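model-v1.json, holding JSON, C-alpha atoms:
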```json
[["chain", "number", "residue", "atom", "x", "y", "z"],
["A", 1, "MET", "CA", 70.37, 27.48, 14.73],
["A", 2, "SER", "CA", 69.19, 25.68, 17.82],
["A", 3, "GLU", "CA", 70.48, 22.40, 19.16],
["A", 4, "ILE", "CA", 68.82, 19.07, 18.35],
["A", 5, "GLN", "CA", 67.02, 17.66, 21.37],
["A", 6, "THR", "CA", 65.55, 14.18, 21.82],
["A", 7, "PHE", "CA", 62.24, 13.26, 23.40],
["A", 8, "ASP", "CA", 62.31, 9.60, 24.38],
["A", 9, "PRO", "CA", 58.83, 8.32, 25.29],
["A", 10, "ASP", "CA", 58.82, 4.54, 25.52],
["A", 11, "GLY", "CA", 62.29, 4.36, 23.94],
["A", 12, "ARG", "CA", 61.21, 6.05, 20.69],
["A", 13, "ALA", "CA", 64.00, 8.71, 20.63],
["A", 14, "ILE", "CA", 62.26, 11.41, 18.57],
["A", 15, "PRO", "CA", 64.61, 14.27, 17.56],
["A", 16, "PHE", "CA", 63.35, 17.85, 17.47],
["A", 17, "VAL", "CA", 64.58, 21.44, 17.27],
["A", 18, "GLU", "CA", 62.67, 24.30, 18.88],
["A", 19, "GLU", "CA", 63.26, 27.92, 17.85],
["A", 20, "GLY", "CA", 61.52, 31.20, 18.60],
["A", 21, "ASP", "CA", 58.71, 31.93, 20.99],
["A", 22, "GLY", "CA", 56.26, 33.99, 18.98],
["A", 23, "PRO", "CA", 52.48, 33.72, 18.98],
["A", 24, "VAL", "CA", 52.29, 31.85, 15.65],
["A", 25, "LYS", "CA", 53.17, 28.23, 16.33],
["A", 26, "LEU", "CA", 54.35, 25.95, 13.53],
["A", 27, "VAL", "CA", 55.41, 22.31, 13.63],
["A", 28, "LEU", "CA", 57.49, 21.25, 10.60],
["A", 29, "ILE", "CA", 58.25, 17.67, 9.52],
["A", 30, "PRO", "CA", 60.97, 17.00, 6.92],
["A", 31, "GLU", "CA", 61.01, 14.70, 3.93],
["A", 32, "ARG", "CA", 62.39, 11.26, 4.90],
["A", 33, "GLY", "CA", 66.15, 11.01, 4.70],
["A", 34, "GLN", "CA", 66.88, 14.74, 4.62],
["A", 35, "ASP", "CA", 65.93, 18.01, 6.21],
["A", 36, "ALA", "CA", 65.40, 20.82, 3.76],
["A", 37, "LEU", "CA", 63.44, 22.78, 6.37],
["A", 38, "GLY", "CA", 66.27, 24.04, 8.61],
["A", 39, "VAL", "CA", 66.74, 27.41, 6.91],
["A", 40, "VAL", "CA", 62.98, 27.80, 6.38],
["A", 41, "GLY", "CA", 62.29, 27.14, 10.06],
["A", 42, "HIS", "CA", 65.13, 29.35, 11.25],
["A", 43, "TYR", "CA", 63.95, 32.25, 9.08],
["A", 44, "LEU", "CA", 60.38, 31.90, 10.38],
["A", 45, "ALA", "CA", 61.61, 31.87, 13.98],
["A", 46, "GLU", "CA", 64.15, 34.67, 13.70],
["A", 47, "GLU", "CA", 62.74, 36.99, 11.05],
["A", 48, "ALA", "CA", 58.98, 36.37, 11.29],
["A", 49, "GLY", "CA", 58.88, 35.81, 15.04],
["A", 50, "PHE", "CA", 57.18, 32.41, 14.88],
["A", 51, "HIS", "CA", 57.55, 29.60, 17.42],
["A", 52, "VAL", "CA", 58.87, 26.79, 15.20],
["A", 53, "VAL", "CA", 59.37, 23.16, 16.15],
["A", 54, "ARG", "CA", 61.02, 20.87, 13.59],
["A", 55, "ILE", "CA", 60.39, 17.22, 14.42],
["A", 56, "GLY", "CA", 62.36, 14.38, 12.84],
["A", 57, "TYR", "CA", 61.83, 10.65, 12.67],
["A", 58, "ARG", "CA", 62.42, 8.34, 15.60],
["A", 59, "ALA", "CA", 65.80, 6.64, 15.78],
["A", 60, "GLY", "CA", 65.94, 3.25, 14.10],
["A", 61, "SER", "CA", 62.63, 3.65, 12.26],
["A", 62, "GLY", "CA", 64.39, 3.32, 8.91],
["A", 63, "GLY", "CA", 61.31, 4.40, 6.97],
["A", 64, "ARG", "CA", 59.40, 1.30, 8.05],
["A", 65, "LEU", "CA", 56.76, 3.12, 10.07],
["A", 66, "SER", "CA", 53.50, 4.41, 8.65],
["A", 67, "ALA", "CA", 52.54, 8.07, 8.44],
["A", 68, "ALA", "CA", 50.00, 7.41, 11.21],
["A", 69, "GLU", "CA", 52.70, 6.03, 13.53],
["A", 70, "HIS", "CA", 54.91, 9.04, 12.86],
["A", 71, "ALA", "CA", 51.88, 11.31, 13.39],
["A", 72, "GLU", "CA", 51.55, 9.98, 16.93],
["A", 73, "ASP", "CA", 55.21, 10.91, 17.50],
["A", 74, "ILE", "CA", 54.41, 14.46, 16.37],
["A", 75, "ILE", "CA", 51.56, 14.72, 18.87],
["A", 76, "ALA", "CA", 53.79, 13.23, 21.62],
["A", 77, "VAL", "CA", 56.43, 15.93, 21.05],
["A", 78, "MET", "CA", 53.74, 18.63, 20.97],
["A", 79, "ASP", "CA", 52.45, 17.31, 24.32],
["A", 80, "HIS", "CA", 56.00, 17.24, 25.70],
["A", 81, "LEU", "CA", 56.48, 20.91, 24.72],
["A", 82, "GLY", "CA", 53.05, 21.99, 25.96],
["A", 83, "LEU", "CA", 51.75, 22.92, 22.50],
["A", 84, "ASP", "CA", 47.99, 22.61, 22.77],
["A", 85, "HIS", "CA", 47.60, 23.59, 19.12],
["A", 86, "SER", "CA", 49.76, 24.63, 16.20],
["A", 87, "TRP", "CA", 49.96, 24.83, 12.45],
["A", 88, "ILE", "CA", 51.29, 21.42, 11.42],
["A", 89, "GLY", "CA", 53.12, 20.93, 8.15],
["A", 90, "GLY", "CA", 55.79, 19.11, 6.28],
["A", 91, "HIS", "CA", 57.70, 18.51, 3.09],
["A", 92, "GLY", "CA", 56.94, 15.45, 0.91],
["A", 93, "PHE", "CA", 56.43, 12.46, 3.22],
["A", 94, "GLY", "CA", 56.61, 14.92, 6.13],
["A", 95, "GLY", "CA", 53.48, 16.53, 4.67],
["A", 96, "THR", "CA", 51.81, 13.12, 4.59],
["A", 97, "VAL", "CA", 52.68, 12.71, 8.28],
["A", 98, "ALA", "CA", 51.26, 16.20, 8.92],
["A", 99, "ARG", "CA", 48.04, 15.27, 7.08],
["A", 100, "ALA", "CA", 47.75, 12.11, 9.19],
["A", 101, "ALA", "CA", 48.37, 14.04, 12.42],
["A", 102, "VAL", "CA", 45.78, 16.70, 11.56],
["A", 103, "ALA", "CA", 43.25, 14.10, 10.38],
["A", 104, "ALA", "CA", 43.59, 12.19, 13.66],
["A", 105, "HIS", "CA", 43.92, 15.23, 15.95],
["A", 106, "HIS", "CA", 42.19, 18.12, 14.16],
["A", 107, "GLU", "CA", 41.50, 19.81, 17.51],
["A", 108, "ARG", "CA", 45.29, 20.31, 17.87],
["A", 109, "ALA", "CA", 45.73, 22.03, 14.50],
["A", 110, "ASN", "CA", 45.34, 25.69, 13.61],
["A", 111, "GLY", "CA", 45.98, 24.69, 10.00],
["A", 112, "LEU", "CA", 47.83, 22.35, 7.67],
["A", 113, "LEU", "CA", 50.92, 23.29, 5.64],
["A", 114, "LEU", "CA", 51.96, 21.02, 2.77],
["A", 115, "LEU", "CA", 55.25, 21.58, 0.93],
["A", 116, "GLY", "CA", 54.89, 19.26, -2.05],
["A", 117, "VAL", "CA", 51.91, 16.91, -1.75],
["A", 118, "GLU", "CA", 52.24, 13.14, -1.95],
["A", 119, "ASP", "CA", 49.43, 11.20, -3.63],
["A", 120, "GLU", "CA", 47.95, 9.64, -0.48],
["A", 121, "ASP", "CA", 44.36, 8.91, 0.44],
["A", 122, "ILE", "CA", 44.23, 11.00, 3.61],
["A", 123, "PRO", "CA", 41.23, 13.33, 3.61],
["A", 124, "LEU", "CA", 41.64, 16.88, 4.78],
["A", 125, "ALA", "CA", 40.31, 17.47, 8.27],
["A", 126, "PRO", "CA", 37.13, 19.58, 8.26],
["A", 127, "VAL", "CA", 37.28, 23.35, 8.80],
["A", 128, "ILE", "CA", 41.10, 23.51, 9.04],
["A", 129, "PRO", "CA", 42.76, 25.96, 6.62],
["A", 130, "VAL", "CA", 45.32, 24.44, 4.27],
["A", 131, "LEU", "CA", 48.31, 26.04, 2.55],
["A", 132, "ILE", "CA", 49.90, 24.03, -0.25],
["A", 133, "VAL", "CA", 53.28, 25.22, -1.53],
["A", 134, "GLN", "CA", 54.78, 23.44, -4.52],
["A", 135, "GLY", "CA", 57.46, 23.72, -7.16],
["A", 136, "SER", "CA", 56.20, 23.97, -10.73],
["A", 137, "ALA", "CA", 58.95, 21.58, -11.92],
["A", 138, "ASP", "CA", 58.56, 19.05, -9.08],
["A", 139, "ASP", "CA", 58.68, 15.55, -10.59],
["A", 140, "VAL", "CA", 58.44, 13.76, -7.20],
["A", 141, "THR", "CA", 55.31, 15.42, -5.79],
["A", 142, "VAL", "CA", 53.92, 16.76, -9.04],
["A", 143, "PRO", "CA", 51.89, 19.99, -8.82],
["A", 144, "ALA", "CA", 48.75, 18.30, -10.15],
["A", 145, "ILE", "CA", 48.47, 16.36, -6.86],
["A", 146, "GLY", "CA", 48.39, 19.57, -4.82],
["A", 147, "GLU", "CA", 45.95, 21.18, -7.22],
["A", 148, "GLN", "CA", 43.66, 18.14, -7.01],
["A", 149, "LEU", "CA", 43.78, 18.20, -3.22],
["A", 150, "GLN", "CA", 42.91, 21.91, -3.27],
["A", 151, "THR", "CA", 39.74, 21.17, -5.26],
["A", 152, "THR", "CA", 38.47, 19.00, -2.38],
["A", 153, "ALA", "CA", 38.26, 22.09, -0.15],
["A", 154, "PRO", "CA", 38.48, 25.17, -2.37],
["A", 155, "GLU", "CA", 36.96, 27.46, 0.26],
["A", 156, "ARG", "CA", 39.83, 26.85, 2.71],
["A", 157, "ALA", "CA", 42.77, 25.47, 0.73],
["A", 158, "SER", "CA", 45.23, 27.71, -1.11],
["A", 159, "VAL", "CA", 47.99, 26.76, -3.54],
["A", 160, "LYS", "CA", 51.16, 28.79, -4.01],
["A", 161, "THR", "CA", 53.66, 27.73, -6.67],
["A", 162, "LEU", "CA", 57.36, 28.52, -6.99],
["A", 163, "ASP", "CA", 58.03, 28.73, -10.73],
["A", 164, "GLY", "CA", 60.78, 26.52, -12.11],
["A", 165, "GLU", "CA", 61.48, 24.79, -8.79],
["A", 166, "GLY", "CA", 61.73, 21.05, -8.24],
["A", 167, "HIS", "CA", 61.00, 18.85, -5.23],
["A", 168, "PHE", "CA", 63.71, 20.33, -3.05],
["A", 169, "PHE", "CA", 62.46, 23.92, -3.33],
["A", 170, "PRO", "CA", 62.65, 24.35, 0.48],
["A", 171, "SER", "CA", 66.45, 23.91, 0.07],
["A", 172, "THR", "CA", 66.95, 25.75, -3.20],
["A", 173, "LYS", "CA", 64.57, 28.63, -2.36],
["A", 174, "PRO", "CA", 64.34, 28.60, 1.46],
["A", 175, "ILE", "CA", 63.71, 32.31, 1.95],
["A", 176, "GLU", "CA", 61.09, 32.46, -0.80],
["A", 177, "THR", "CA", 59.40, 29.39, 0.73],
["A", 178, "ALA", "CA", 59.52, 30.94, 4.20],
["A", 179, "VAL", "CA", 58.08, 34.25, 2.98],
["A", 180, "ILE", "CA", 55.10, 32.46, 1.40],
["A", 181, "ILE", "CA", 54.49, 30.69, 4.71],
["A", 182, "GLU", "CA", 54.98, 33.87, 6.73],
["A", 183, "GLU", "CA", 52.58, 35.90, 4.63],
["A", 184, "TYR", "CA", 49.87, 33.23, 4.78],
["A", 185, "LEU", "CA", 50.20, 32.23, 8.45],
["A", 186, "ASP", "CA", 50.79, 35.69, 9.86],
["A", 187, "TRP", "CA", 47.07, 36.44, 9.70],
["A", 188, "ASP", "CA", 46.31, 33.44, 11.95]]
```
Rewrite the structure of this file - the entire thing - as structure tokens.
Amino acid sequence: MSEIQTFDPDGRAIPFVEEGDGPVKLVLIPERGQDALGVVGHYLAEEAGFHVVRIGYRAGSGGRLSAAEHAEDIIAVMDHLGLDHSWIGGHGFGGTVARAAVAAHHERANGLLLLGVEDEDIPLAPVIPVLIVQGSADDVTVPAIGEQLQTTAPERASVKTLDGEGHFFPSTKPIETAVIIEEYLDWD
């Protein structure tokens, strides 16, 4: 696994990890308070050959910032790393941040990846493909939310479900989660 780095624009201290250098670029944002995406990201960088950047939450934010504020941090780190465009995704609240980033900066996104979908009123950006991955037994981001979101753009949004898995499926089934992502994004 790669070392955590910090990008510090205007004293914001945004942590990130960059792995791999492949042609498929993927920005991942964790659920608040934990990072279940380390193994998923590492697999995608090492085994699938993706360029993966995992971006955390700025130091001292304590969950008080909005998804839109965190979304601007995501774009700032992408700028810092020279990523003109990328798939942008996240788990739980991280997915909400990803939705906000893509909605505000759709020209920077190749697609949107949502691992468990929060019930937030953030419309999907036009044209952008969307992959929704969810656990069938998730009682935090219930599957019905992802299925409802998919119906708003059925021609470009896909839902993949891990049977019997709860909210932390990226931790309990990291390789299975990564393979779903790899198979979907590899065509991009």
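With distances taken over only C-alpha atoms, A:Gln134 is the one residue among A:Ser66, A:Gln34, A:Gln134, A:Ser86 lying closest to A:Ser158.
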Per-residue nearest contacts of stretch 6-46 of chain A to stretch 106-114 of chain A (10 Å; all atoms listed in the file) as CSV:
```
residue,atom,partner,partner_atom,distance
A:Val24,CA,A:Asn110,CA,9.5
A:Lys25,CA,A:Asn110,CA,8.7
A:Leu26,CA,A:Leu113,CA,9.0
A:Val27,CA,A:Leu113,CA,9.2
A:Leu28,CA,A:Leu113,CA,8.5
A:Ile29,CA,A:Leu114,CA,9.8
```
*asked:* Report as a ChimeraX atom specification all protein, DNA and RNA residues lying within 8 Å of A:Pro174, evaluated on only C-alpha atoms, omitting residues in the same chain fewer than 6 positions from it.
replied: /A:37,39-40
Using the selection just defined, write its residues with C-alpha atoms as a PDB file, in the coordinates of the input.
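Output below, filename again.pdb:
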```
ATOM      1  CA  LEU A  37      63.440  22.780   6.370  1.00  0.00           C
ATOM      2  CA  VAL A  39      66.740  27.410   6.910  1.00  0.00           C
ATOM      3  CA  VAL A  40      62.980  27.800   6.380  1.00  0.00           C
TER       4      VAL A  40
END
```
_Need the shell around stretch 1-14 of chain A: protein/DNA/RNA residues with any atom at most 8 Å away, counting only C-alpha atoms. Skip same-chain ones fewer than 3 positions apart. Format as an MDAnalysis selection string?_
chainID A and resid 17:19 42 55:59 73 76:77 80
*Can you tell me how far atom CA of A:Asp35 sits from atom CA of A:Val130, in Å to one decimal?*
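A separation of 21.7 Å between them.
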_So the first atom is atom CA of A:Ala48 and the second is atom CA of A:Ile88; what is the distance between them in Å, to one decimal place?_
16.8 Å
_Neighbour list for A:Ala101 as a PyMOL selection string, cut-off 10 Å, all atoms listed in the file, skip fewer than 2 positions in-chain_ = chain A and resi 67-75+88-89+95-99+103-106+108-109+112+125
*Atomic separation - atom CA of A:Glu120 relative to atom CA of A:Ala100, Å*: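 Between atom CA of A:Ala100 and atom CA of A:Glu120 the gap works out to 10.0 Å.
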*Kindly indicate which residue among A:Pro30, A:Gly92, A:Pro15, A:Gly38 lies nearest to A:Gly146, using all atoms listed in the file for the distances.*
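Of all the options, A:Gly92 lies closest to A:Gly146.
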*Once you count all atoms listed in the file, which residues end up no further than 12 Å from (64.8, 31.8, 6.9) in the file's frame, shown as a PyMOL selection string?*
chain A and resi 1+19+36-50+52+170-182
*Quick one: everything within 12 Å of A:Gln148, counting all atoms listed in the file, minus sequence neighbours fewer than 2 positions away in the same chain. Send it as a list of chain:residue names.*
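So the residues in contact are A:Val117, A:Glu118, A:Asp119, A:Glu120, A:Asp121, A:Pro123, A:Ile132, A:Val142, A:Pro143, A:Ala144, A:Ile145, A:Gly146, A:Gln150, A:Thr151, A:Thr152, A:Ala153, A:Pro154, A:Ala157, A:Ser158, A:Val159.
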_For a quick check of understanding, using all atoms listed in the file, which of A:Leu124, A:Phe16, A:Pro129, A:Ser136 has the smallest distance to A:Leu185?_
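Nearest candidate to A:Leu185 out of A:Leu124, A:Phe16, A:Pro129, A:Ser136: A:Pro129.
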Complete the atom set of stretch 69-85 of chain A to N, CA and C atoms and return it as a PDB file, keeping the file's coordinate frame.
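Saved file out_13.pdb follows:
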```pdb
ATOM      1  N   GLU A  69      51.816   6.266  12.385  1.00  0.00           N
ATOM      2  CA  GLU A  69      52.700   6.030  13.530  1.00  0.00           C
ATOM      3  C   GLU A  69      53.584   7.253  13.784  1.00  0.00           C
ATOM      4  N   HIS A  70      54.118   7.827  12.709  1.00  0.00           N
ATOM      5  CA  HIS A  70      54.910   9.040  12.860  1.00  0.00           C
ATOM      6  C   HIS A  70      54.049  10.192  13.359  1.00  0.00           C
ATOM      7  N   ALA A  71      52.797  10.252  12.946  1.00  0.00           N
ATOM      8  CA  ALA A  71      51.880  11.310  13.390  1.00  0.00           C
ATOM      9  C   ALA A  71      51.722  11.275  14.902  1.00  0.00           C
ATOM     10  N   GLU A  72      51.663  10.088  15.473  1.00  0.00           N
ATOM     11  CA  GLU A  72      51.550   9.980  16.930  1.00  0.00           C
ATOM     12  C   GLU A  72      52.811  10.494  17.614  1.00  0.00           C
ATOM     13  N   ASP A  73      53.975  10.331  16.965  1.00  0.00           N
ATOM     14  CA  ASP A  73      55.210  10.910  17.500  1.00  0.00           C
ATOM     15  C   ASP A  73      55.130  12.430  17.506  1.00  0.00           C
ATOM     16  N   ILE A  74      54.555  13.008  16.460  1.00  0.00           N
ATOM     17  CA  ILE A  74      54.410  14.460  16.370  1.00  0.00           C
ATOM     18  C   ILE A  74      53.566  14.961  17.540  1.00  0.00           C
ATOM     19  N   ILE A  75      52.445  14.310  17.782  1.00  0.00           N
ATOM     20  CA  ILE A  75      51.560  14.720  18.870  1.00  0.00           C
ATOM     21  C   ILE A  75      52.258  14.525  20.219  1.00  0.00           C
ATOM     22  N   ALA A  76      53.049  13.463  20.367  1.00  0.00           N
ATOM     23  CA  ALA A  76      53.790  13.230  21.620  1.00  0.00           C
ATOM     24  C   ALA A  76      54.773  14.362  21.893  1.00  0.00           C
ATOM     25  N   VAL A  77      55.489  14.818  20.863  1.00  0.00           N
ATOM     26  CA  VAL A  77      56.430  15.930  21.050  1.00  0.00           C
ATOM     27  C   VAL A  77      55.667  17.215  21.352  1.00  0.00           C
ATOM     28  N   MET A  78      54.558  17.443  20.661  1.00  0.00           N
ATOM     29  CA  MET A  78      53.740  18.630  20.970  1.00  0.00           C
ATOM     30  C   MET A  78      53.296  18.600  22.430  1.00  0.00           C
ATOM     31  N   ASP A  79      52.852  17.446  22.912  1.00  0.00           N
ATOM     32  CA  ASP A  79      52.450  17.310  24.320  1.00  0.00           C
ATOM     33  C   ASP A  79      53.632  17.613  25.242  1.00  0.00           C
ATOM     34  N   HIS A  80      54.783  17.045  24.910  1.00  0.00           N
ATOM     35  CA  HIS A  80      56.000  17.240  25.700  1.00  0.00           C
ATOM     36  C   HIS A  80      56.348  18.731  25.819  1.00  0.00           C
ATOM     37  N   LEU A  81      56.141  19.483  24.737  1.00  0.00           N
ATOM     38  CA  LEU A  81      56.480  20.910  24.720  1.00  0.00           C
ATOM     39  C   LEU A  81      55.339  21.803  25.199  1.00  0.00           C
ATOM     40  N   GLY A  82      54.199  21.208  25.498  1.00  0.00           N
ATOM     41  CA  GLY A  82      53.050  21.990  25.960  1.00  0.00           C
ATOM     42  C   GLY A  82      52.347  22.755  24.859  1.00  0.00           C
ATOM     43  N   LEU A  83      52.448  22.280  23.621  1.00  0.00           N
ATOM     44  CA  LEU A  83      51.750  22.920  22.500  1.00  0.00           C
ATOM     45  C   LEU A  83      50.349  22.337  22.382  1.00  0.00           C
ATOM     46  N   ASP A  84      49.378  23.079  22.849  1.00  0.00           N
ATOM     47  CA  ASP A  84      47.990  22.610  22.770  1.00  0.00           C
ATOM     48  C   ASP A  84      47.506  22.560  21.328  1.00  0.00           C
ATOM     49  N   HIS A  85      47.986  23.519  20.526  1.00  0.00           N
ATOM     50  CA  HIS A  85      47.600  23.590  19.120  1.00  0.00           C
ATOM     51  C   HIS A  85      48.684  24.328  18.345  1.00  0.00           C
TER      52      HIS A  85
END
```
